[in-house]
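Raw contents of upload_39.cif, mmCIF, C-alpha atoms and all ligand atoms:
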```cif
data_input
#
loop_
_atom_site.label_atom_id
_atom_site.label_comp_id
_atom_site.auth_asym_id
_atom_site.auth_seq_id
_atom_site.Cartn_x
_atom_site.Cartn_y
_atom_site.Cartn_z
CA MET O 1 -30.44 -5.69 -4.44
CA LEU O 2 -29.30 -2.88 -6.78
CA HIS O 3 -26.27 -3.95 -8.79
CA PRO O 4 -23.18 -2.00 -7.61
CA PHE O 5 -22.29 -0.93 -11.18
CA ALA O 6 -25.88 0.13 -12.01
CA THR O 7 -25.79 3.80 -11.01
CA HIS O 8 -23.28 6.61 -11.22
CA VAL O 9 -23.43 7.07 -7.45
CA GLY O 10 -22.79 3.36 -6.92
CA VAL O 11 -19.75 3.38 -9.22
CA ARG O 12 -18.34 6.49 -7.55
CA ARG O 13 -18.70 4.82 -4.18
CA LEU O 14 -16.69 1.83 -5.40
CA VAL O 15 -13.97 3.93 -6.97
CA THR O 16 -13.77 6.19 -3.89
CA ALA O 17 -13.06 3.11 -1.81
CA ALA O 18 -10.52 1.75 -4.31
CA VAL O 19 -8.46 4.94 -4.58
CA ALA O 20 -8.22 5.34 -0.81
CA ALA O 21 -5.65 2.52 -1.00
CA PRO O 22 -2.00 3.18 -0.19
CA SER O 23 0.38 3.48 -3.14
CA VAL O 24 4.12 3.82 -3.42
CA HIS O 25 5.00 7.55 -3.14
CA ASN O 26 1.23 8.15 -3.43
CA THR O 27 1.57 7.72 -7.21
CA GLN O 28 -1.95 6.22 -7.48
CA PRO O 29 -0.92 4.24 -10.59
CA TRP O 30 -4.40 2.98 -11.45
CA ARG O 31 -7.30 3.52 -13.83
CA PHE O 32 -10.80 2.04 -13.69
CA ARG O 33 -13.14 1.46 -16.60
CA LEU O 34 -16.69 0.21 -16.73
CA ASP O 35 -17.72 -1.63 -19.91
CA GLU O 36 -20.70 -0.63 -22.06
CA ASP O 37 -23.33 -2.73 -20.35
CA ALA O 38 -21.96 -1.93 -16.89
CA SER O 39 -21.21 -5.55 -16.11
CA VAL O 40 -17.40 -5.53 -15.84
CA MET O 41 -15.05 -3.07 -14.19
CA ASP O 42 -11.45 -3.20 -15.41
CA LEU O 43 -8.46 -2.16 -13.33
CA ARG O 44 -5.48 -1.02 -15.38
CA ALA O 45 -2.01 -0.02 -14.28
CA ASP O 46 -1.17 3.56 -15.27
CA LEU O 47 2.38 2.96 -16.45
CA ASP O 48 3.06 6.69 -16.81
CA ARG O 49 2.97 6.80 -13.01
CA GLY O 50 5.74 4.26 -12.55
CA LEU O 51 8.96 4.91 -10.62
CA PRO O 52 11.79 3.81 -12.94
CA VAL O 53 14.55 4.38 -10.35
CA ILE O 54 13.20 2.46 -7.35
CA ASP O 55 10.71 0.24 -9.16
CA PRO O 56 12.03 -0.68 -12.62
CA ARG O 57 10.12 -3.98 -12.72
CA GLY O 58 6.82 -2.40 -11.60
CA ARG O 59 6.68 -4.52 -8.45
CA ALA O 60 5.58 -1.69 -6.14
CA LEU O 61 3.21 -0.41 -8.84
CA HIS O 62 1.46 -3.79 -8.90
CA LEU O 63 1.33 -3.88 -5.10
CA SER O 64 -0.32 -0.45 -5.09
CA CYS O 65 -2.92 -1.58 -7.65
CA GLY O 66 -3.46 -4.79 -5.66
CA ALA O 67 -4.26 -2.70 -2.59
CA ALA O 68 -6.83 -0.74 -4.62
CA LEU O 69 -8.28 -4.02 -5.92
CA PHE O 70 -8.75 -5.27 -2.36
CA ASN O 71 -10.72 -2.13 -1.46
CA LEU O 72 -12.81 -2.48 -4.63
CA ARG O 73 -13.62 -6.09 -3.73
CA LEU O 74 -14.63 -5.05 -0.22
CA ALA O 75 -16.80 -2.20 -1.52
CA ILE O 76 -18.60 -4.64 -3.85
CA ARG O 77 -19.02 -7.12 -1.01
CA VAL O 78 -20.83 -4.64 1.25
CA THR O 79 -23.52 -4.15 -1.41
CA GLY O 80 -24.60 -7.76 -0.91
CA HIS O 81 -22.70 -8.93 -4.00
CA ARG O 82 -19.64 -11.07 -4.41
CA PRO O 83 -16.74 -9.80 -6.54
CA VAL O 84 -15.53 -12.23 -9.19
CA VAL O 85 -12.01 -11.24 -10.18
CA THR O 86 -10.17 -12.41 -13.29
CA ALA O 87 -6.56 -11.41 -12.80
CA PHE O 88 -4.57 -10.58 -15.96
CA PRO O 89 -7.39 -11.48 -18.38
CA ASP O 90 -5.11 -10.68 -21.35
CA ALA O 91 -1.63 -11.18 -19.88
CA ALA O 92 0.11 -11.56 -23.25
CA GLY O 93 -1.78 -8.87 -25.18
CA GLU O 94 -2.29 -6.22 -22.53
CA PRO O 95 -0.21 -6.78 -19.39
CA ALA O 96 -1.34 -3.43 -17.91
CA LEU O 97 -4.88 -4.83 -17.66
CA LEU O 98 -4.47 -6.18 -14.15
CA ALA O 99 -7.98 -7.38 -13.38
CA SER O 100 -11.54 -7.57 -14.66
CA VAL O 101 -14.09 -7.54 -11.89
CA ARG O 102 -17.73 -8.64 -12.03
CA ALA O 103 -20.25 -8.60 -9.20
CA VAL O 104 -22.70 -11.46 -8.61
CA ASP O 105 -25.52 -11.75 -6.09
CA ALA O 106 -24.47 -13.05 -2.69
CA ALA O 107 -25.40 -12.95 0.98
CA MET O 108 -25.00 -9.73 2.95
CA PRO O 109 -21.47 -9.10 4.22
CA SER O 110 -20.32 -10.44 7.56
CA PRO O 111 -19.85 -7.91 10.40
CA GLY O 112 -16.09 -8.35 9.93
CA GLU O 113 -16.27 -7.42 6.23
CA ALA O 114 -18.52 -4.43 6.99
CA GLU O 115 -16.08 -3.21 9.64
CA LEU O 116 -13.06 -3.57 7.36
CA TYR O 117 -14.92 -1.56 4.70
CA ALA O 118 -15.81 1.13 7.26
CA THR O 119 -12.10 1.35 8.16
CA ILE O 120 -10.99 2.23 4.60
CA PRO O 121 -11.19 6.05 4.99
CA HIS O 122 -9.44 5.94 8.37
CA ARG O 123 -6.36 3.90 7.38
CA ARG O 124 -3.27 6.03 6.92
CA THR O 125 0.45 5.59 6.66
CA ASN O 126 1.73 6.85 9.99
CA ARG O 127 5.33 8.08 9.98
CA ARG O 128 5.24 9.34 13.55
CA PRO O 129 7.04 7.61 16.45
CA PHE O 130 5.07 4.75 17.97
CA GLY O 131 4.67 4.28 21.75
CA ALA O 132 5.97 1.43 23.91
CA LYS O 133 2.75 -0.61 23.88
CA ARG O 134 3.16 -4.00 22.18
CA VAL O 135 0.69 -5.25 19.59
CA PRO O 136 -1.22 -8.01 21.44
CA GLN O 137 -0.88 -11.61 20.30
CA VAL O 138 -4.55 -11.83 19.33
CA VAL O 139 -4.11 -8.91 16.90
CA ARG O 140 -0.83 -10.32 15.59
CA ASP O 141 -2.67 -13.59 14.87
CA GLU O 142 -5.39 -11.68 13.02
CA LEU O 143 -2.80 -9.97 10.83
CA VAL O 144 -1.18 -13.31 9.97
CA THR O 145 -4.60 -14.71 9.05
CA ALA O 146 -5.38 -11.63 6.94
CA ALA O 147 -2.26 -12.20 4.82
CA ARG O 148 -2.92 -15.93 4.52
CA GLU O 149 -6.49 -15.35 3.33
CA GLU O 150 -5.05 -13.42 0.38
CA GLY O 151 -2.50 -16.12 -0.49
CA ALA O 152 0.53 -14.47 1.14
CA ALA O 153 2.43 -15.04 4.39
CA LEU O 154 3.12 -12.58 7.19
CA SER O 155 6.02 -13.09 9.53
CA LEU O 156 6.43 -11.11 12.75
CA PRO O 157 10.13 -11.33 13.56
CA GLY O 158 11.56 -11.34 17.09
CA PRO O 159 14.08 -8.78 18.39
CA GLN O 160 17.18 -10.31 16.76
CA THR O 161 15.74 -10.61 13.27
CA THR O 162 14.15 -7.17 13.66
CA ALA O 163 17.54 -5.63 14.50
CA TYR O 164 19.12 -7.45 11.54
CA LEU O 165 16.40 -6.27 9.16
CA LEU O 166 16.63 -2.68 10.40
CA GLY O 167 20.38 -2.81 9.77
CA LEU O 168 19.79 -3.94 6.18
CA ILE O 169 17.13 -1.25 5.67
CA ALA O 170 19.43 1.46 7.07
CA ALA O 171 22.20 0.39 4.68
CA ALA O 172 19.77 0.34 1.74
CA ASP O 173 18.44 3.76 2.76
CA ALA O 174 21.94 5.25 2.88
CA GLN O 175 22.73 3.77 -0.54
CA LEU O 176 19.55 5.25 -2.03
CA ALA O 177 19.98 8.65 -0.39
CA ALA O 178 23.42 8.94 -1.99
CA ASP O 179 21.98 8.37 -5.47
CA PRO O 180 21.08 11.61 -7.32
CA ALA O 181 18.57 9.74 -9.51
CA TYR O 182 16.76 8.50 -6.39
CA ARG O 183 16.64 12.01 -4.94
CA ALA O 184 15.35 13.46 -8.20
CA GLU O 185 12.59 10.84 -8.41
CA LEU O 186 11.64 11.44 -4.77
CA ALA O 187 11.54 15.20 -5.39
CA ARG O 188 9.03 14.67 -8.22
CA TRP O 189 6.66 12.96 -5.76
CA THR O 190 7.11 15.33 -2.83
CA PRO O 191 5.60 18.48 -4.32
CA ASP O 192 5.93 21.84 -2.59
CA ARG O 193 2.42 22.88 -3.64
CA ALA O 194 -1.01 21.27 -3.23
CA ARG O 195 -1.52 18.46 -5.73
CA GLY O 196 -3.83 15.43 -6.05
CA ASP O 197 -0.95 12.98 -5.71
CA GLY O 198 2.51 12.66 -4.17
CA ILE O 199 3.39 13.02 -0.51
CA PRO O 200 2.72 16.44 1.05
CA TRP O 201 5.20 17.82 3.62
CA TYR O 202 2.75 17.33 6.49
CA ALA O 203 2.90 13.53 5.99
CA PHE O 204 6.72 13.25 6.14
CA GLY O 205 6.70 12.65 9.90
CA PRO O 206 9.28 14.17 12.23
CA ARG O 207 13.00 13.99 11.64
CA PRO O 208 14.54 11.42 13.96
CA THR O 209 16.68 12.75 16.80
CA GLY O 210 19.19 10.64 18.76
CA ARG O 211 17.20 7.44 18.52
CA GLY O 212 16.47 6.91 14.85
CA LEU O 213 14.75 4.33 12.73
CA PRO O 214 15.49 3.90 9.03
CA LEU O 215 12.19 5.40 7.87
CA ARG O 216 12.31 6.71 4.34
CA ASP O 217 13.11 10.42 4.55
CA PHE O 218 10.64 12.12 2.21
CA GLY O 219 12.11 15.46 3.27
CA LEU O 220 15.47 14.73 1.61
CA GLY O 221 16.50 17.90 -0.05
CA ALA O 222 13.51 19.85 1.27
CA PRO O 223 14.20 22.72 3.65
CA ASP O 224 14.03 21.79 7.33
CA ALA O 225 11.81 24.70 8.26
CA GLY O 226 8.86 23.78 10.42
CA ARG O 227 9.66 20.09 10.59
CA GLU O 228 9.84 18.91 14.18
CA ALA O 229 12.31 16.32 15.44
CA ASP O 230 11.45 13.38 17.68
CA ASP O 231 12.74 10.13 19.16
CA PHE O 232 11.54 7.01 17.37
CA ASP O 233 10.32 3.62 18.61
CA ALA O 234 12.60 2.13 21.27
CA ARG O 235 11.48 -1.44 20.49
CA PRO O 236 10.29 -1.42 16.88
CA GLN O 237 7.76 -4.05 15.85
CA LEU O 238 7.99 -5.21 12.26
CA ALA O 239 5.95 -7.46 10.02
CA VAL O 240 7.27 -8.97 6.80
CA LEU O 241 4.93 -9.89 3.94
CA LEU O 242 6.08 -12.73 1.69
CA THR O 243 4.86 -14.46 -1.45
CA ARG O 244 5.98 -17.73 -2.98
CA GLY O 245 6.78 -16.29 -6.41
CA ASP O 246 7.99 -12.90 -7.58
CA GLY O 247 6.14 -12.00 -10.76
CA PRO O 248 3.20 -9.72 -11.57
CA PRO O 249 0.50 -12.15 -10.29
CA ASP O 250 2.41 -12.50 -6.98
CA TRP O 251 2.73 -8.71 -6.70
CA LEU O 252 -0.98 -8.19 -7.33
CA ARG O 253 -1.73 -10.81 -4.67
CA ALA O 254 0.78 -9.19 -2.29
CA GLY O 255 -0.94 -5.81 -2.71
CA GLN O 256 -4.30 -7.30 -1.78
CA ALA O 257 -2.71 -9.03 1.21
CA LEU O 258 -0.93 -5.82 2.23
CA GLN O 259 -4.19 -3.90 2.23
CA ARG O 260 -6.04 -6.61 4.11
CA VAL O 261 -3.28 -6.57 6.74
CA LEU O 262 -3.23 -2.75 6.95
CA LEU O 263 -7.03 -2.49 7.24
CA THR O 264 -7.12 -5.26 9.85
CA ALA O 265 -4.46 -3.37 11.82
CA ALA O 266 -6.29 -0.04 11.48
CA ARG O 267 -9.55 -1.66 12.57
CA ARG O 268 -7.80 -2.69 15.79
CA GLY O 269 -6.29 0.77 16.32
CA VAL O 270 -2.80 -0.32 15.23
CA SER O 271 -0.80 2.22 13.20
CA ALA O 272 1.50 1.14 10.39
CA SER O 273 4.08 2.42 7.94
CA PRO O 274 5.90 0.46 5.24
CA LEU O 275 9.71 0.56 5.06
CA SER O 276 10.49 -0.45 1.49
CA GLN O 277 14.05 0.78 0.94
CA LEU O 278 15.50 -2.72 1.09
CA LEU O 279 13.23 -3.76 -1.77
CA ASP O 280 13.99 -0.62 -3.80
CA ALA O 281 17.72 -1.10 -3.50
CA ARG O 282 17.36 -4.67 -4.73
CA ALA O 283 14.87 -3.84 -7.45
CA ALA O 284 17.39 -3.87 -10.25
CA GLY O 285 19.26 -6.96 -9.07
CA PRO O 286 18.93 -10.44 -10.55
CA ALA O 287 16.11 -12.64 -9.28
CA GLU O 288 17.54 -15.11 -6.79
CA PRO O 289 15.88 -18.35 -5.78
CA ARG O 290 14.36 -17.83 -2.33
CA PRO O 291 13.20 -21.07 -0.68
CA TYR O 292 11.34 -19.18 2.10
CA GLY O 293 9.54 -16.82 -0.27
CA HIS O 294 10.06 -13.32 -1.57
CA ILE O 295 9.76 -10.29 0.68
CA GLN O 296 7.13 -7.94 -0.76
CA ALA O 297 6.74 -5.49 2.14
CA VAL O 298 8.24 -4.66 5.50
CA ILE O 299 5.77 -2.90 7.77
CA ARG O 300 6.38 -1.09 11.06
CA LEU O 301 3.51 -1.60 13.51
CA GLY O 302 2.58 0.14 16.74
CA TYR O 303 0.49 2.87 18.28
CA GLY O 304 1.02 6.40 17.02
CA ARG O 305 -0.83 9.71 17.25
CA LEU O 306 -3.44 10.26 14.54
CA VAL O 307 -2.17 11.73 11.28
CA PRO O 308 -4.01 13.58 8.51
CA GLY O 309 -4.90 11.87 5.23
CA THR O 310 -3.07 12.44 1.95
CA PRO O 311 -4.65 13.75 -1.29
CA ARG O 312 -6.19 11.68 -4.06
CA ARG O 313 -6.65 12.52 -7.75
CA PRO O 314 -10.09 13.65 -8.99
CA PHE O 315 -12.49 11.09 -10.47
CA PRO O 316 -12.25 12.06 -14.14
CA GLU O 317 -8.55 11.18 -14.04
CA VAL O 318 -9.07 7.66 -12.75
CA LEU O 319 -12.50 6.58 -13.95
CA GLU O 320 -13.34 6.06 -17.62
CA ARG O 321 -16.77 5.10 -18.75
CA VAL O 322 -17.08 3.72 -22.26
C1 LIG O 401 4.17 -0.74 -2.31
C2 LIG O 401 4.22 0.39 -1.31
C3 LIG O 401 5.45 0.78 -0.79
C4 LIG O 401 5.52 1.81 0.15
N1 LIG O 401 6.74 2.15 0.70
C5 LIG O 401 6.79 3.11 1.65
C6 LIG O 401 8.03 3.43 2.28
O1 LIG O 401 9.09 2.86 1.97
N2 LIG O 401 8.03 4.38 3.27
C7 LIG O 401 6.88 5.02 3.65
O2 LIG O 401 6.93 5.85 4.54
N3 LIG O 401 5.69 4.75 3.04
C8 LIG O 401 5.63 3.82 2.08
N4 LIG O 401 4.42 3.51 1.48
C9 LIG O 401 3.22 4.26 1.87
C10 LIG O 401 2.86 5.32 0.81
O3 LIG O 401 3.80 6.35 0.78
C11 LIG O 401 1.45 5.85 1.15
O4 LIG O 401 0.53 4.81 0.98
C12 LIG O 401 1.01 7.02 0.28
O5 LIG O 401 1.81 8.12 0.50
C13 LIG O 401 -0.47 7.40 0.54
O6 LIG O 401 -0.67 7.73 1.90
P1 LIG O 401 -1.68 6.92 2.83
O7 LIG O 401 -1.15 5.51 2.95
O8 LIG O 401 -1.64 7.63 4.16
O9 LIG O 401 -3.02 6.92 2.20
C14 LIG O 401 4.33 2.48 0.56
C15 LIG O 401 3.10 2.07 0.01
C16 LIG O 401 3.03 1.03 -0.89
C17 LIG O 401 1.70 0.58 -1.44
#
```
Give the structure from the file, written as structure tokens.
Amino acid sequence: MLHPFATHVGVRRLVTAAVAAPSVHNTQPWRFRLDEDASVMDLRADLDRGLPVIDPRGRALHLSCGAALFNLRLAIRVTGHRPVVTAFPDAAGEPALLASVRAVDAAMPSPGEAELYATIPHRRTNRRPFGAKRVPQVVRDELVTAAREEGAALSLPGPQTTAYLLGLIAAADAQLAADPAYRAELARWTPDRARGDGIPWYAFGPRPTGRGLPLRDFGLGAPDAGREADDFDARPQLAVLLTRGDGPPDWLRAGQALQRVLLTAARRGVSASPLSQLLDARAAGPAEPRPYGHIQAVIRLGYGRLVPGTPRRPFPEVLERV
């Protein structure tokens, strides 16, 4: 079996899969590098692409890179190899070096792994209203298992906790929207011209009418022209991703779990969009002990109309070869 790092085409295939991952504000804060003898691929955080206002600790940046790492692992797996990941190989010397990945011979992927891989280009953040259909229990169970397999926990709250969480998110959203620094940072990542990163206007989703949901408004400050309005989910379905700790290794793990959950959902035709304002608003606060774990993502689930994909940066910007 040809080693996945052996050819230029093979490496491009891996990196294409990795960069299709979701990232906060579509910042794509990652860089990949193959070592001289093409035996190790390093994943580094691109700290210049951080979001100092909403993500001063780099939590969301690590989650984004973790999501890319999950895709990279899956892309290696479908070549009949097994990824061997060393997380933070030089934590003290070079904390931005998030993972070194090798590929060793293994059995062919399971049908489940092959399907998850095939889903990578089809997964999207969907900011449209979702219909009334409930996510079936069997799919909910699969999502919980997906998170657990990556060392995280997924909780699917009932109506009362959902209403409580949405209230907290709405309050956090209002607090952020009133902050000029937040609006300025958002404006930098919602460009009004075609770019390889950031969130284009066509991905903002409609403005909520009477029945709203506290989705992040990427159109804050942008002219209203052409943006439709719509009613949002009457009975929102949320999922909450938790980790035991709240440091860089937990965030990297959470990102892999997030992506495994999102791909598992997409594979079953379930749409999803994260609602992170609660985490942004708390980003600068002191770390509190949390006996039930730390929330790393809140995800809205449901069934929405298809949405177009968002741009990605060109290869030379993300892939270095030494
Ligand atoms: C850590 C993290 C936090 C995110 N938070 C939000 C959010 O609060 N609201 C939202 O609509 N999308 C959120 N997203 C989704 C990104 O905006 C999205 O992944 C990016 O724009 C690329 O689009 P795609 O997911 O369709 O590929 C988040 C993604 C990640 C990885």
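Using all atoms listed in the file, the contacts of Arg73 of chain O at a cut-off of 9 Å, with sequence neighbours closer than 6 positions omitted, comprise Leu14, Ala18, Arg82, Pro83, Val84, Val85, Val101 and Ala103 of chain O.
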Residues of the last selection are to be written out with C-alpha atoms, as a PDB file, keeping the file's coordinate frame.
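The result, written out as selection14.pdb:
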```
ATOM      1  CA  LEU O  14     -16.690   1.830  -5.400  1.00  0.00           C
ATOM      2  CA  ALA O  18     -10.520   1.750  -4.310  1.00  0.00           C
ATOM      3  CA  ARG O  82     -19.640 -11.070  -4.410  1.00  0.00           C
ATOM      4  CA  PRO O  83     -16.740  -9.800  -6.540  1.00  0.00           C
ATOM      5  CA  VAL O  84     -15.530 -12.230  -9.190  1.00  0.00           C
ATOM      6  CA  VAL O  85     -12.010 -11.240 -10.180  1.00  0.00           C
ATOM      7  CA  VAL O 101     -14.090  -7.540 -11.890  1.00  0.00           C
ATOM      8  CA  ALA O 103     -20.250  -8.600  -9.200  1.00  0.00           C
TER       9      ALA O 103
END
```
*asked:* Residues within 9 Å of segment 236-252 of chain O, please, as a ChimeraX atom specification. Count all atoms listed in the file; anything in the same chain fewer than 6 positions from it doesn't count.
replied: /O:58-67,69,87-88,98,130,132,134-135,147,151-159,162-163,213,258,287,290-302
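Checking O:Gly255, O:Pro22, O:Pro111, O:Gly198 one by one against ligand LIG 401 (chain O), counting all atoms listed in the file, you find the shortest gap at O:Pro22.
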_Around ligand LIG 401 (chain O), which protein and nucleic acid residues have at least one atom no more than 6 Å from it, if we count all atoms listed in the file? List them as number ranges by chain._
O: 22-26, 60, 63-64, 124-125, 199, 216, 273-277, 309-310
_Residues near Phe315 of chain O, cut-off 10 Å, only C-alpha atoms, skip fewer than 2 positions along chain, as a VMD selection string_ = chain O and resid 12 15 to 16 19 31 to 32 312 to 313 317 to 320
*In Å, with one decimal, what is the gap from atom CA of Leu278 of chain O to atom CA of Leu168 of chain O?*
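Taking atom CA of Leu278 of chain O as the start and atom CA of Leu168 of chain O as the end point, the length is 6.8 Å.
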*atom CA of Ala21 of chain O and atom CA of Gly269 of chain O, how far apart in Å?*
17.4 Å
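The shortest atom-to-atom distance to Met108 of chain O, with only C-alpha atoms taken into account, belongs to O:Val78 out of O:Val78, O:Ala234, O:Leu215, O:Ala92.
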Excluding segment 37-39 of chain O and any residue of its chain fewer than 4 positions from it, enumerate the residues within 8 Å of it, using all atoms listed in the file, and give them as a compact mmCIF listing (two decimals) with C-alpha atoms, keeping the file's coordinate frame.
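Below is the file around_7.txt, written as the result:
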```txt
# COMPACT_ATOMS: atom_id res chain seq x y z
CA PHE O 5 -22.29 -0.93 -11.18
CA ALA O 6 -25.88 0.13 -12.01
CA ARG O 102 -17.73 -8.64 -12.03
CA ALA O 103 -20.25 -8.60 -9.20
```
Please put the answer as JSON: centre and edge lengths, in Å with one decimal, of a box along x, y and z that encloses all listed atoms of segment 28-41 of chain O plus 4 Å on each side.
```
{"center_x": -12.1, "center_y": 0.3, "center_z": -14.8, "size_x": 30.4, "size_y": 19.8, "size_z": 22.6}
```
*Might you pull out every residue within 7 Å of Leu263 of chain O, with all atoms listed in the file counted and same-chain residues fewer than 4 positions away left off, and present them as a list in words?*
Leu116, Thr119, Ile120, Arg123, Gln259 and Arg267 of chain O
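Considering only C-alpha atoms, the residue among O:Arg140, O:Arg127, O:Thr190, O:Ala281 positioned nearest to Asp231 of chain O is O:Arg127.
Here atom CA of Trp189 of chain O is placed at a distance of 18.2 Å from atom CA of Pro206 of chain O.
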*Using all atoms listed in the file, find the one residue out of O:Glu113, O:Asp48, O:Asp42, O:Asp197 that sits nearest to Glu94 of chain O.*
O:Asp42
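Distances to Ala106 of chain O were evaluated for O:Ile76, O:Ala91, O:Leu47, O:Leu176 using all atoms listed in the file, and the minimum falls at O:Ile76.
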Please, can segment 258-274 of chain O be completed to N, CA and C atoms and returned as a compact mmCIF listing (two decimals), in the coordinates of the input?
```
# COMPACT_ATOMS: atom_id res chain seq x y z
N LEU O 258 -1.42 -6.99 1.48
CA LEU O 258 -0.93 -5.82 2.23
C LEU O 258 -2.11 -5.00 2.73
N GLN O 259 -3.06 -4.75 1.84
CA GLN O 259 -4.19 -3.90 2.23
C GLN O 259 -5.07 -4.60 3.26
N ARG O 260 -5.23 -5.90 3.11
CA ARG O 260 -6.04 -6.61 4.11
C ARG O 260 -5.36 -6.55 5.48
N VAL O 261 -4.03 -6.66 5.49
CA VAL O 261 -3.28 -6.57 6.74
C VAL O 261 -3.40 -5.14 7.32
N LEU O 262 -3.21 -4.13 6.46
CA LEU O 262 -3.23 -2.75 6.95
C LEU O 262 -4.62 -2.37 7.48
N LEU O 263 -5.67 -2.82 6.78
CA LEU O 263 -7.03 -2.49 7.24
C LEU O 263 -7.35 -3.24 8.54
N THR O 264 -6.89 -4.48 8.62
CA THR O 264 -7.12 -5.26 9.85
C THR O 264 -6.41 -4.57 11.02
N ALA O 265 -5.20 -4.08 10.77
CA ALA O 265 -4.46 -3.37 11.82
C ALA O 265 -5.22 -2.10 12.21
N ALA O 266 -5.61 -1.31 11.20
CA ALA O 266 -6.29 -0.04 11.48
C ALA O 266 -7.59 -0.27 12.24
N ARG O 267 -8.28 -1.33 11.90
CA ARG O 267 -9.55 -1.66 12.57
C ARG O 267 -9.32 -1.91 14.06
N ARG O 268 -8.14 -2.42 14.39
CA ARG O 268 -7.80 -2.69 15.79
C ARG O 268 -7.02 -1.53 16.43
N GLY O 269 -6.97 -0.41 15.76
CA GLY O 269 -6.29 0.77 16.32
C GLY O 269 -4.78 0.72 16.21
N VAL O 270 -4.26 -0.20 15.38
CA VAL O 270 -2.80 -0.32 15.23
C VAL O 270 -2.35 0.53 14.05
N SER O 271 -1.35 1.38 14.27
CA SER O 271 -0.80 2.22 13.20
C SER O 271 0.26 1.43 12.43
N ALA O 272 0.53 1.88 11.21
CA ALA O 272 1.50 1.14 10.39
C ALA O 272 2.17 2.07 9.40
N SER O 273 3.43 1.76 9.07
CA SER O 273 4.08 2.42 7.94
C SER O 273 5.04 1.44 7.28
N PRO O 274 4.96 1.33 5.93
CA PRO O 274 5.90 0.46 5.24
C PRO O 274 7.31 1.05 5.24
```
